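S.K.: One file: my_file-v8.txt (compact mmCIF, C-alpha atoms).
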```
# COMPACT_ATOMS: atom_id res chain seq x y z
CA MET Q 1 21.42 3.98 -26.10
CA SER Q 2 23.75 1.62 -24.25
CA GLN Q 3 22.54 -0.93 -21.73
CA THR Q 4 23.82 1.23 -18.90
CA ASP Q 5 21.73 4.18 -20.16
CA VAL Q 6 18.41 2.32 -20.02
CA VAL Q 7 16.05 3.81 -17.44
CA THR Q 8 13.11 1.97 -15.96
CA PRO Q 9 10.03 3.15 -14.10
CA GLU Q 10 10.12 3.35 -10.31
CA VAL Q 11 7.22 3.18 -7.86
CA ILE Q 12 7.78 4.52 -4.36
CA SER Q 13 5.22 3.15 -1.91
CA LEU Q 14 4.35 4.88 1.35
CA GLY Q 15 1.92 3.95 4.09
CA CYS Q 16 -0.19 0.84 4.39
CA ARG Q 17 0.04 -2.70 3.08
CA LEU Q 18 -2.76 -1.91 0.65
CA ASN Q 19 -0.49 0.65 -0.98
CA ILE Q 20 2.21 -2.02 -1.29
CA ALA Q 21 -0.20 -4.33 -3.10
CA GLU Q 22 -1.39 -1.53 -5.38
CA SER Q 23 2.15 -0.39 -6.11
CA GLU Q 24 2.91 -3.82 -7.57
CA ARG Q 25 0.01 -3.39 -9.99
CA ILE Q 26 1.04 0.18 -10.87
CA ARG Q 27 4.57 -1.07 -11.54
CA ASN Q 28 3.12 -3.55 -13.99
CA LEU Q 29 0.95 -0.91 -15.71
CA ILE Q 30 3.88 1.44 -16.35
CA ALA Q 31 6.51 -1.23 -17.02
CA ALA Q 32 7.16 0.02 -20.57
CA GLU Q 33 7.09 3.74 -19.79
CA GLY Q 34 10.81 4.44 -19.31
CA ASP Q 35 11.87 7.43 -17.22
CA VAL Q 36 8.86 7.68 -14.89
CA VAL Q 37 8.69 7.84 -11.10
CA VAL Q 38 5.41 7.29 -9.26
CA VAL Q 39 4.99 8.21 -5.60
CA ASN Q 40 2.11 6.20 -4.14
CA SER Q 41 1.36 8.48 -1.22
CA CYS Q 42 -0.21 8.30 2.23
CA ALA Q 43 -2.30 10.87 4.10
CA VAL Q 44 -3.35 9.08 7.27
CA THR Q 45 -1.54 11.64 9.46
CA THR Q 46 0.18 14.98 8.97
CA GLU Q 47 3.47 13.11 9.43
CA ALA Q 48 2.52 10.78 6.57
CA VAL Q 49 1.90 13.81 4.35
CA ARG Q 50 5.25 15.27 5.39
CA GLN Q 51 6.95 12.00 4.44
CA THR Q 52 5.13 12.04 1.10
CA ARG Q 53 6.45 15.51 0.31
CA GLN Q 54 9.92 14.43 1.43
CA ALA Q 55 9.77 11.36 -0.83
CA ILE Q 56 8.76 13.55 -3.78
CA ARG Q 57 11.71 15.89 -3.26
CA ARG Q 58 14.12 12.98 -2.78
CA ALA Q 59 12.85 11.29 -5.95
CA ARG Q 60 13.28 14.47 -7.98
CA ARG Q 61 16.85 14.90 -6.77
CA ALA Q 62 17.65 11.28 -7.63
CA ARG Q 63 16.04 11.43 -11.10
CA PRO Q 64 15.91 15.06 -12.24
CA ASP Q 65 14.79 14.21 -15.79
CA ALA Q 66 12.05 11.73 -14.93
CA ARG Q 67 8.33 12.35 -15.27
CA LEU Q 68 7.25 12.40 -11.62
CA LEU Q 69 3.63 11.48 -10.87
CA VAL Q 70 1.86 11.28 -7.52
CA THR Q 71 -1.09 9.07 -6.62
CA GLY Q 72 -2.44 7.58 -3.38
CA CYS Q 73 -4.55 9.15 -0.65
CA ALA Q 74 -2.54 12.36 -0.40
CA ALA Q 75 -3.03 12.97 -4.13
CA ASP Q 76 -6.74 13.44 -3.36
CA ILE Q 77 -6.78 14.78 0.20
CA GLU Q 78 -3.81 17.17 -0.23
CA ARG Q 79 -4.31 17.70 -3.97
CA ASP Q 80 -3.74 21.46 -4.16
CA GLN Q 81 -0.63 21.40 -1.96
CA LEU Q 82 1.02 18.56 -3.89
CA ALA Q 83 0.08 19.99 -7.28
CA ALA Q 84 1.83 23.22 -6.28
CA MET Q 85 5.15 21.43 -5.66
CA PRO Q 86 7.56 22.24 -8.51
CA GLU Q 87 8.89 18.66 -8.44
CA VAL Q 88 5.49 17.19 -9.38
CA ASP Q 89 4.56 16.74 -13.04
CA GLY Q 90 1.07 15.36 -12.47
CA LEU Q 91 -1.42 13.73 -10.12
CA VAL Q 92 -3.37 10.53 -10.68
CA PRO Q 93 -6.57 10.28 -8.57
CA ASN Q 94 -6.41 7.52 -5.99
CA THR Q 95 -9.61 5.88 -7.24
CA GLN Q 96 -8.16 5.68 -10.77
CA LYS Q 97 -4.61 4.51 -10.07
CA LEU Q 98 -5.26 0.89 -11.08
CA ASP Q 99 -6.85 1.93 -14.39
CA ALA Q 100 -4.34 1.81 -17.27
CA ARG Q 101 -6.10 4.77 -18.90
CA ALA Q 102 -5.09 7.01 -15.99
CA TRP Q 103 -1.43 6.42 -16.91
CA ASN Q 104 -2.00 6.78 -20.66
CA VAL Q 105 -0.79 3.25 -21.28
CA GLY Q 106 -2.33 0.04 -22.51
CA GLU Q 107 -2.79 -3.04 -20.36
CA THR Q 108 0.40 -5.08 -20.01
CA ALA Q 109 0.11 -8.57 -21.33
CA GLN Q 110 1.68 -10.34 -18.36
CA PRO Q 111 1.87 -9.30 -14.68
CA ALA Q 112 5.27 -8.19 -13.49
CA PRO Q 113 7.16 -10.65 -11.26
CA ILE Q 114 6.48 -10.21 -7.58
CA SER Q 115 9.24 -8.51 -5.63
CA HIS Q 116 8.26 -9.60 -2.14
CA THR Q 117 8.47 -12.93 -0.36
CA ARG Q 118 5.07 -12.04 1.08
CA ALA Q 119 2.54 -11.29 -1.66
CA PHE Q 120 -0.01 -8.64 -0.69
CA ILE Q 121 -3.47 -9.07 -2.22
CA ALA Q 122 -5.93 -6.19 -1.86
CA VAL Q 123 -9.24 -8.01 -1.47
CA GLN Q 124 -11.12 -4.84 -0.54
CA ASN Q 125 -10.79 -1.08 -0.89
CA GLY Q 126 -12.54 1.96 0.58
CA CYS Q 127 -14.51 2.28 3.80
CA ASP Q 128 -18.17 2.83 4.71
CA HIS Q 129 -17.51 3.79 8.32
CA ALA Q 130 -17.14 7.28 9.72
CA CYS Q 131 -14.50 7.20 12.46
CA THR Q 132 -14.19 10.78 13.61
CA PHE Q 133 -10.39 10.94 13.25
CA CYS Q 134 -10.07 9.27 9.86
CA VAL Q 135 -9.54 10.98 6.53
CA ILE Q 136 -9.05 7.80 4.50
CA PRO Q 137 -12.67 7.48 3.22
CA GLN Q 138 -12.09 10.85 1.53
CA GLY Q 139 -9.19 9.39 -0.40
CA ARG Q 140 -10.46 5.83 -0.91
CA GLY Q 141 -14.21 6.15 -1.35
CA PRO Q 142 -16.86 3.59 -0.31
CA SER Q 143 -16.07 -0.06 0.39
CA ARG Q 144 -15.64 -2.27 -2.70
CA SER Q 145 -14.81 -5.97 -2.63
CA LEU Q 146 -13.15 -8.31 -5.10
CA SER Q 147 -15.28 -11.36 -5.82
CA VAL Q 148 -14.14 -14.78 -4.63
CA PRO Q 149 -13.08 -15.80 -8.19
CA GLN Q 150 -11.07 -12.59 -8.56
CA VAL Q 151 -9.25 -13.19 -5.29
CA LEU Q 152 -8.57 -16.83 -6.14
CA HIS Q 153 -7.11 -15.72 -9.48
CA GLU Q 154 -4.76 -13.31 -7.69
CA VAL Q 155 -3.70 -15.95 -5.17
CA GLU Q 156 -3.01 -18.43 -7.97
CA ARG Q 157 -0.96 -15.86 -9.87
CA HIS Q 158 1.29 -15.21 -6.89
CA LEU Q 159 1.62 -18.88 -5.97
CA ASP Q 160 2.63 -19.67 -9.56
CA LYS Q 161 5.39 -17.10 -9.20
CA GLY Q 162 6.64 -18.75 -6.04
CA ALA Q 163 5.27 -16.58 -3.23
CA PRO Q 164 5.51 -18.63 0.00
CA GLU Q 165 3.11 -16.37 1.91
CA ILE Q 166 -0.08 -14.56 0.93
CA VAL Q 167 -1.25 -11.53 2.90
CA LEU Q 168 -4.86 -10.38 2.55
CA THR Q 169 -5.10 -6.64 2.85
CA GLY Q 170 -7.45 -3.71 2.32
CA VAL Q 171 -8.65 -0.48 3.91
CA ASP Q 172 -11.24 -2.28 6.05
CA VAL Q 173 -10.60 -5.97 5.35
CA THR Q 174 -13.33 -7.31 7.62
CA SER Q 175 -15.94 -5.42 5.58
CA TRP Q 176 -15.06 -7.63 2.61
CA GLY Q 177 -18.22 -9.04 1.03
CA HIS Q 178 -20.69 -6.47 2.37
CA ASP Q 179 -21.24 -5.16 -1.17
CA LEU Q 180 -21.35 -8.59 -2.86
CA PRO Q 181 -24.48 -10.67 -3.53
CA GLY Q 182 -25.54 -12.42 -0.34
CA LYS Q 183 -23.12 -10.32 1.74
CA PRO Q 184 -20.66 -13.15 2.45
CA PRO Q 185 -18.43 -12.74 5.52
CA LEU Q 186 -14.65 -12.66 5.32
CA GLY Q 187 -14.43 -16.17 6.75
CA ASP Q 188 -16.06 -17.49 3.56
CA LEU Q 189 -13.29 -15.97 1.45
CA VAL Q 190 -10.52 -17.30 3.70
CA LEU Q 191 -11.99 -20.81 3.64
CA ALA Q 192 -12.32 -20.67 -0.16
CA ILE Q 193 -8.61 -19.79 -0.46
CA LEU Q 194 -7.52 -22.59 1.86
CA ASP Q 195 -9.74 -25.13 0.11
CA GLU Q 196 -8.68 -24.09 -3.41
CA PHE Q 197 -4.94 -24.04 -2.71
CA PRO Q 198 -3.81 -26.87 -0.42
CA GLN Q 199 -0.23 -26.04 -1.50
CA LEU Q 200 -0.46 -22.58 0.13
CA GLN Q 201 1.92 -22.67 3.09
CA ARG Q 202 1.17 -19.41 4.87
CA LEU Q 203 -1.86 -17.13 4.82
CA ARG Q 204 -1.60 -13.95 6.88
CA MET Q 205 -4.29 -11.39 7.63
CA SER Q 206 -3.54 -7.68 7.79
CA SER Q 207 -5.30 -5.30 10.20
CA LEU Q 208 -8.79 -6.49 11.21
CA ASP Q 209 -11.72 -4.80 12.93
CA GLY Q 210 -12.47 -7.08 15.86
CA ALA Q 211 -16.13 -6.05 15.79
CA GLU Q 212 -16.52 -7.76 12.40
CA ILE Q 213 -14.61 -11.01 12.87
CA ASP Q 214 -17.30 -13.53 11.90
CA PRO Q 215 -17.67 -16.96 13.58
CA LEU Q 216 -16.09 -18.87 10.69
CA LEU Q 217 -13.07 -16.55 10.58
CA PHE Q 218 -12.72 -16.95 14.36
CA GLU Q 219 -12.72 -20.75 14.00
CA LEU Q 220 -10.14 -20.61 11.21
CA PHE Q 221 -7.88 -18.34 13.25
CA ALA Q 222 -8.26 -20.66 16.23
CA GLY Q 223 -7.64 -23.96 14.48
CA GLU Q 224 -6.13 -23.65 10.98
CA ALA Q 225 -2.34 -24.02 11.04
CA ARG Q 226 -1.87 -22.37 7.64
CA ILE Q 227 -3.36 -19.11 8.96
CA MET Q 228 -0.52 -17.38 10.72
CA PRO Q 229 -0.98 -16.95 14.51
CA HIS Q 230 -0.77 -13.18 14.22
CA LEU Q 231 -3.86 -11.05 14.85
CA HIS Q 232 -3.48 -7.33 14.18
CA LEU Q 233 -6.42 -5.35 15.54
CA SER Q 234 -7.64 -1.95 14.45
CA MET Q 235 -7.96 -1.14 18.16
CA GLN Q 236 -7.19 2.62 18.18
CA HIS Q 237 -7.60 3.16 21.96
CA GLY Q 238 -7.96 1.46 25.32
CA ALA Q 239 -10.46 3.85 26.93
CA ASP Q 240 -14.18 3.36 26.30
CA LEU Q 241 -15.13 7.05 26.26
CA ILE Q 242 -12.44 7.83 23.69
CA LEU Q 243 -13.53 4.84 21.58
CA LYS Q 244 -17.07 6.26 21.61
CA ARG Q 245 -15.82 9.71 20.61
CA MET Q 246 -13.87 8.06 17.80
CA LYS Q 247 -17.13 6.34 16.70
CA ARG Q 248 -15.50 2.96 16.91
CA ARG Q 249 -17.82 -0.05 17.10
CA HIS Q 250 -16.15 -1.86 19.98
CA LEU Q 251 -15.29 -1.25 23.60
CA ARG Q 252 -12.18 -2.27 25.51
CA ARG Q 253 -13.79 -5.42 26.94
CA ASP Q 254 -14.73 -6.58 23.42
CA ALA Q 255 -11.08 -6.63 22.34
CA VAL Q 256 -9.97 -8.31 25.56
CA ASP Q 257 -12.68 -10.97 25.26
CA LEU Q 258 -11.83 -11.68 21.60
CA VAL Q 259 -8.13 -12.14 22.34
CA GLN Q 260 -8.75 -14.26 25.43
CA ARG Q 261 -11.10 -16.60 23.53
CA LEU Q 262 -8.62 -16.97 20.67
CA LYS Q 263 -5.63 -17.53 22.93
CA ALA Q 264 -7.56 -20.18 24.85
CA ARG Q 265 -7.77 -22.10 21.58
CA ARG Q 266 -4.40 -21.10 20.13
CA PRO Q 267 -1.91 -20.15 22.85
CA ASP Q 268 0.84 -19.18 20.38
CA LEU Q 269 -1.31 -16.38 18.89
CA THR Q 270 0.41 -12.99 18.99
CA VAL Q 271 -1.42 -9.67 18.99
CA GLY Q 272 -0.70 -6.45 17.17
CA ALA Q 273 -2.74 -3.26 17.32
CA ASP Q 274 -3.02 0.29 16.08
CA LEU Q 275 -3.20 2.83 18.92
CA ILE Q 276 -3.66 6.59 18.70
CA ALA Q 277 -2.00 8.84 21.28
CA GLY Q 278 -3.45 12.18 22.28
CA PHE Q 279 -6.91 12.02 20.73
CA PRO Q 280 -8.89 15.22 21.43
CA THR Q 281 -10.31 15.34 25.01
CA GLU Q 282 -8.02 12.47 26.10
CA SER Q 283 -7.39 12.83 29.85
CA GLU Q 284 -4.55 11.37 31.88
CA ALA Q 285 -6.92 8.60 32.96
CA HIS Q 286 -7.83 7.85 29.34
CA HIS Q 287 -4.14 7.73 28.47
CA ALA Q 288 -3.51 5.35 31.37
CA ASP Q 289 -6.20 3.05 29.95
CA ASN Q 290 -4.51 3.27 26.57
CA CYS Q 291 -1.20 2.24 28.10
CA SER Q 292 -2.65 -0.57 30.20
CA ILE Q 293 -4.38 -2.32 27.28
CA ILE Q 294 -0.89 -3.03 25.88
CA ALA Q 295 0.01 -5.37 28.74
CA GLU Q 296 -3.52 -6.76 29.12
CA LEU Q 297 -3.89 -8.12 25.58
CA PRO Q 298 -0.72 -8.22 25.36
CA ILE Q 299 0.30 -6.18 22.30
CA VAL Q 300 3.71 -7.23 20.97
CA HIS Q 301 3.35 -5.62 17.52
CA GLY Q 302 2.26 -2.04 18.21
CA HIS Q 303 1.66 0.68 15.64
CA ILE Q 304 1.55 3.96 17.57
CA PHE Q 305 0.14 7.06 15.88
CA PRO Q 306 0.37 10.50 17.49
CA TYR Q 307 -2.99 12.12 16.80
CA SER Q 308 -2.99 14.86 14.19
CA PRO Q 309 -6.13 16.69 12.97
CA ARG Q 310 -7.05 15.77 9.41
CA PRO Q 311 -9.09 18.00 7.09
CA ASN Q 312 -12.89 17.77 7.21
CA THR Q 313 -13.00 15.26 10.07
CA PRO Q 314 -15.16 15.69 13.20
CA ALA Q 315 -12.21 15.12 15.54
CA ALA Q 316 -10.45 18.14 14.05
CA ARG Q 317 -13.26 20.30 15.50
CA MET Q 318 -12.94 18.81 19.00
CA PRO Q 319 -10.81 20.39 21.77
CA GLN Q 320 -7.21 19.57 20.86
CA LEU Q 321 -4.37 18.55 23.14
CA ASP Q 322 -1.03 20.33 23.17
CA LYS Q 323 1.39 18.83 20.64
CA ALA Q 324 4.04 18.29 23.31
CA VAL Q 325 1.55 16.27 25.37
CA ILE Q 326 0.65 14.16 22.33
CA LYS Q 327 4.31 13.53 21.55
CA ALA Q 328 5.06 12.52 25.15
CA ARG Q 329 2.08 10.16 25.33
CA ALA Q 330 3.05 8.53 22.04
CA ALA Q 331 6.53 7.94 23.44
CA GLN Q 332 5.04 6.36 26.56
CA LEU Q 333 2.88 4.03 24.45
CA ARG Q 334 5.91 3.00 22.38
CA SER Q 335 7.88 2.35 25.56
CA ALA Q 336 5.07 0.17 26.93
CA VAL Q 337 4.95 -1.85 23.70
CA ALA Q 338 8.75 -2.21 23.71
CA LYS Q 339 8.65 -3.61 27.27
CA VAL Q 340 5.95 -6.16 26.44
CA ARG Q 341 7.66 -7.05 23.18
CA ALA Q 342 11.03 -7.59 24.86
CA ALA Q 343 9.48 -10.01 27.36
CA TRP Q 344 7.75 -11.86 24.52
CA LEU Q 345 10.96 -12.15 22.49
CA ASP Q 346 12.77 -13.38 25.58
CA SER Q 347 10.17 -16.15 25.90
CA LEU Q 348 10.93 -17.25 22.32
CA VAL Q 349 14.66 -17.73 22.88
CA GLY Q 350 15.47 -21.41 22.52
CA GLN Q 351 12.16 -22.16 20.79
CA THR Q 352 12.37 -23.30 17.18
CA GLN Q 353 10.63 -20.92 14.76
CA ARG Q 354 9.52 -21.51 11.19
CA VAL Q 355 10.95 -18.48 9.39
CA LEU Q 356 10.25 -17.08 5.92
CA THR Q 357 13.50 -15.52 4.71
CA GLU Q 358 13.81 -12.00 3.32
CA SER Q 359 16.64 -10.52 1.27
CA ASP Q 360 18.23 -8.51 4.12
CA GLY Q 361 19.54 -11.41 6.18
CA THR Q 362 16.43 -11.63 8.34
CA GLY Q 363 13.04 -13.29 8.10
CA TYR Q 364 9.66 -13.47 9.79
CA ALA Q 365 8.43 -16.29 11.96
CA GLU Q 366 4.80 -17.38 11.80
CA ASN Q 367 4.07 -15.15 14.81
CA PHE Q 368 5.73 -12.24 12.94
CA ALA Q 369 8.80 -12.16 15.14
CA ARG Q 370 11.78 -10.89 13.14
CA VAL Q 371 14.65 -13.37 13.13
CA ALA Q 372 18.30 -13.06 12.07
CA LEU Q 373 19.37 -15.76 9.61
CA PRO Q 374 22.64 -17.53 8.79
CA ASN Q 375 24.77 -15.87 6.11
CA GLY Q 376 23.94 -16.97 2.60
CA THR Q 377 20.36 -18.01 3.32
CA ALA Q 378 18.32 -17.90 0.13
CA ARG Q 379 15.48 -15.41 -0.05
CA GLY Q 380 11.91 -16.74 -0.08
CA THR Q 381 12.53 -20.06 1.66
CA ILE Q 382 11.00 -21.36 4.88
CA LEU Q 383 13.40 -22.89 7.38
CA SER Q 384 13.53 -23.78 11.06
CA VAL Q 385 15.63 -21.51 13.26
CA THR Q 386 16.25 -21.76 17.00
CA PRO Q 387 17.27 -18.30 18.29
CA GLN Q 388 19.65 -18.08 21.23
CA SER Q 389 19.16 -14.39 22.13
CA HIS Q 390 17.42 -11.21 21.11
CA GLU Q 391 18.71 -7.71 20.64
CA GLU Q 392 16.87 -4.52 19.60
CA GLY Q 393 13.74 -6.41 18.63
CA LEU Q 394 15.58 -9.08 16.59
CA LEU Q 395 15.83 -12.75 17.52
CA LYS Q 396 19.32 -14.12 16.90
```
Starting from the coordinates I provided, produce the structure as structure tokens.
M.R.:
Amino acid sequence: MSQTDVVTPEVISLGCRLNIAESERIRNLIAAEGDVVVVNSCAVTTEAVRQTRQAIRRARRARPDARLLVTGCAADIERDQLAAMPEVDGLVPNTQKLDARAWNVGETAQPAPISHTRAFIAVQNGCDHACTFCVIPQGRGPSRSLSVPQVLHEVERHLDKGAPEIVLTGVDVTSWGHDLPGKPPLGDLVLAILDEFPQLQRLRMSSLDGAEIDPLLFELFAGEARIMPHLHLSMQHGADLILKRMKRRHLRRDAVDLVQRLKARRPDLTVGADLIAGFPTESEAHHADNCSIIAELPIVHGHIFPYSPRPNTPAARMPQLDKAVIKARAAQLRSAVAKVRAAWLDSLVGQTQRVLTESDGTGYAENFARVALPNGTARGTILSVTPQSHEEGLLK
């Protein structure tokens, strides 16, 4: 076989940052397997499942002779439907996808090189909560935490390979430690990382449940420069009654109070949030509350999810809204985020940003603003950039 005929495994990652982190480990496990494609799927919404099926069909067209395997949440939650697809050769259960035995391979001797400037480390998996809309516990199981030594080993591995930024991720990151001896809070883990690795330049947190941000983590967010000033909240809604029907553990005022206290200590902190549009029983007044929380926090990094009923969830049995209404409300939420974001980006024009460069000619500032970079900028470096304008969400 000539060099041009050599085929290598491919891992297609969909959905959350946790999937990105796990896909890196899967890529390492199957590194010697040849013509194999793995789709690491998502099932958080019906749209995510549609995109999973689309990715499977696209992968089969691109590599008709490959062995095509599917794992991830959809491989469990939508198992029968995916198994029936003619493109699929096999399914690997989500809870087994990091076990070499599930792929019929032995452990690889050395981890594969990282392929991201930001290294995602899954410190926790699964969820013990029972939000009425969420199907993810069905695909991820109960909450499990890596120990502090395990996390420190992963951080060291990525730093040794040159990762300028570490991102801590998981299904429910703020529940890290609840299953470990002594039930340590997440702040203990973050402090251990910062103390162990003074050379670490940037530590970023993925989506957090504001109800479980412990006092030490609050203090680190407020005063530690190496923790990026970017708080992404698992908010879900801005109306108290809907939050209660979702079985969330916070109310609107809790999120507002948390952000106000943090911003009083760290004014450059930016806020992101997940918001669901069109949850069952959502009235126009509830939707107005959902829209208004965007400006009140303010939310400049918004992830908007049109509600879709998921199998075996309580919300699927509640009175549903018309799909057209859900779609329209999601569009209104996105428009509200875009307006707040544009004003925020405008405020950053002329202000020097410390930017971590990506391979596409852009990079991310500490506040997670996306910034255009000069031609020829090397990937994975941190440099100071002073943008002079912004266009379509990009500082230039």
S.K.: Just checking: using all atoms listed in the file, which residue out of Q:Met228, Q:Ile77, Q:Ala32, Q:Val155 ends up closest to Gly139 of chain Q?
M.R.: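 With all atoms listed in the file as the atom set, the closest residue is Q:Ile77.
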S.K.: May I ask which of the residues Q:Arg53, Q:Arg202, Q:Lys244, Q:Arg249 is the closest one to Leu168 of chain Q, counting all atoms listed in the file?
M.R.: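 Of Q:Arg53, Q:Arg202, Q:Lys244, Q:Arg249, the one nearest Leu168 of chain Q, counting all atoms listed in the file, is Q:Arg202.
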S.K.: With distances taken over all atoms listed in the file, which of Q:Leu152, Q:Val349, Q:Ile12, Q:Val135 is nearest to Val44 of chain Q?
M.R.: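 When distances to Val44 of chain Q are compared using all atoms listed in the file, the smallest one comes from Q:Val135.
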S.K.: Neighbours of Leu269 of chain Q within 12 Å (only C-alpha atoms; same-chain residues fewer than 3 positions away dropped), as a ChimeraX atom specification?
M.R.: /Q:221-225,227-232,258-266,272,297-301,344,365-369
S.K.: Take the point (13.4, -18.9, 7.2) in the file's coordinates, draw a sphere of radius 12 Å around it, and report as a ChimeraX atom specification every protein, DNA or RNA residue with an atom inside or on it, counting all atoms listed in the file.
M.R.: /Q:117,164-165,352-366,368-387
S.K.: Quick check, in Å to one decimal: how far apart do atom CA of Ile293 of chain Q and atom CA of Ala342 of chain Q lie?
M.R.: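 Separation of atom CA of Ile293 of chain Q and atom CA of Ala342 of chain Q: 16.5 Å.
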S.K.: Have a look at atom CA of Arg57 of chain Q and atom CA of Gln81 of chain Q and let me know their distance in Å, one decimal.
M.R.: 13.6 Å
S.K.: Check the smallest atom-to-atom distance from each of Q:Lys323, Q:Arg329, Q:Arg17, Q:Lys339 to Ala295 of chain Q using all atoms listed in the file, then report the winner.
M.R.: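 Looking only at the distances to Ala295 of chain Q, the closest residue turns out to be Q:Lys339.
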S.K.: Given the choices Q:His237, Q:His250, Q:Arg226, Q:Arg245, which gets closest to Gly302 of chain Q if the distance is worked out from only C-alpha atoms?
M.R.: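 Among Q:His237, Q:His250, Q:Arg226, Q:Arg245, it is Q:His237 that comes nearest to Gly302 of chain Q.
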S.K.: Would you be able to write out as a PyMOL selection string which residues have an atom within 10 Å of (-4.0, -5.6, 0.6) in the file's coordinates, counting only C-alpha atoms?
M.R.: chain Q and resi 16-22+119-125+166-173+205-207
S.K.: If you count all atoms listed in the file, which residues fall within 12 Å of Ile276 of chain Q, apart from same-chain ones fewer than 3 positions away, as an NGL selection string?
M.R.: :Q and (44-45 or 133-134 or 234-239 or 242-243 or 246 or 273 or 279-280 or 282 or 286-287 or 290-291 or 302-309 or 326-327 or 329-334)
S.K.: Hey, which of Q:Leu220, Q:Cys42, Q:Ala336, Q:Leu29 ends up closest to Leu189 of chain Q? Count all atoms listed in the file.
M.R.: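 Going through Q:Leu220, Q:Cys42, Q:Ala336, Q:Leu29 one by one, the smallest distance to Leu189 of chain Q is for Q:Leu220.
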S.K.: To one decimal place in Å, what is the distance between atom CA of Thr46 of chain Q and atom CA of Met318 of chain Q?
M.R.: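 If I compute the distance from atom CA of Thr46 of chain Q to atom CA of Met318 of chain Q, I get 17.0 Å.
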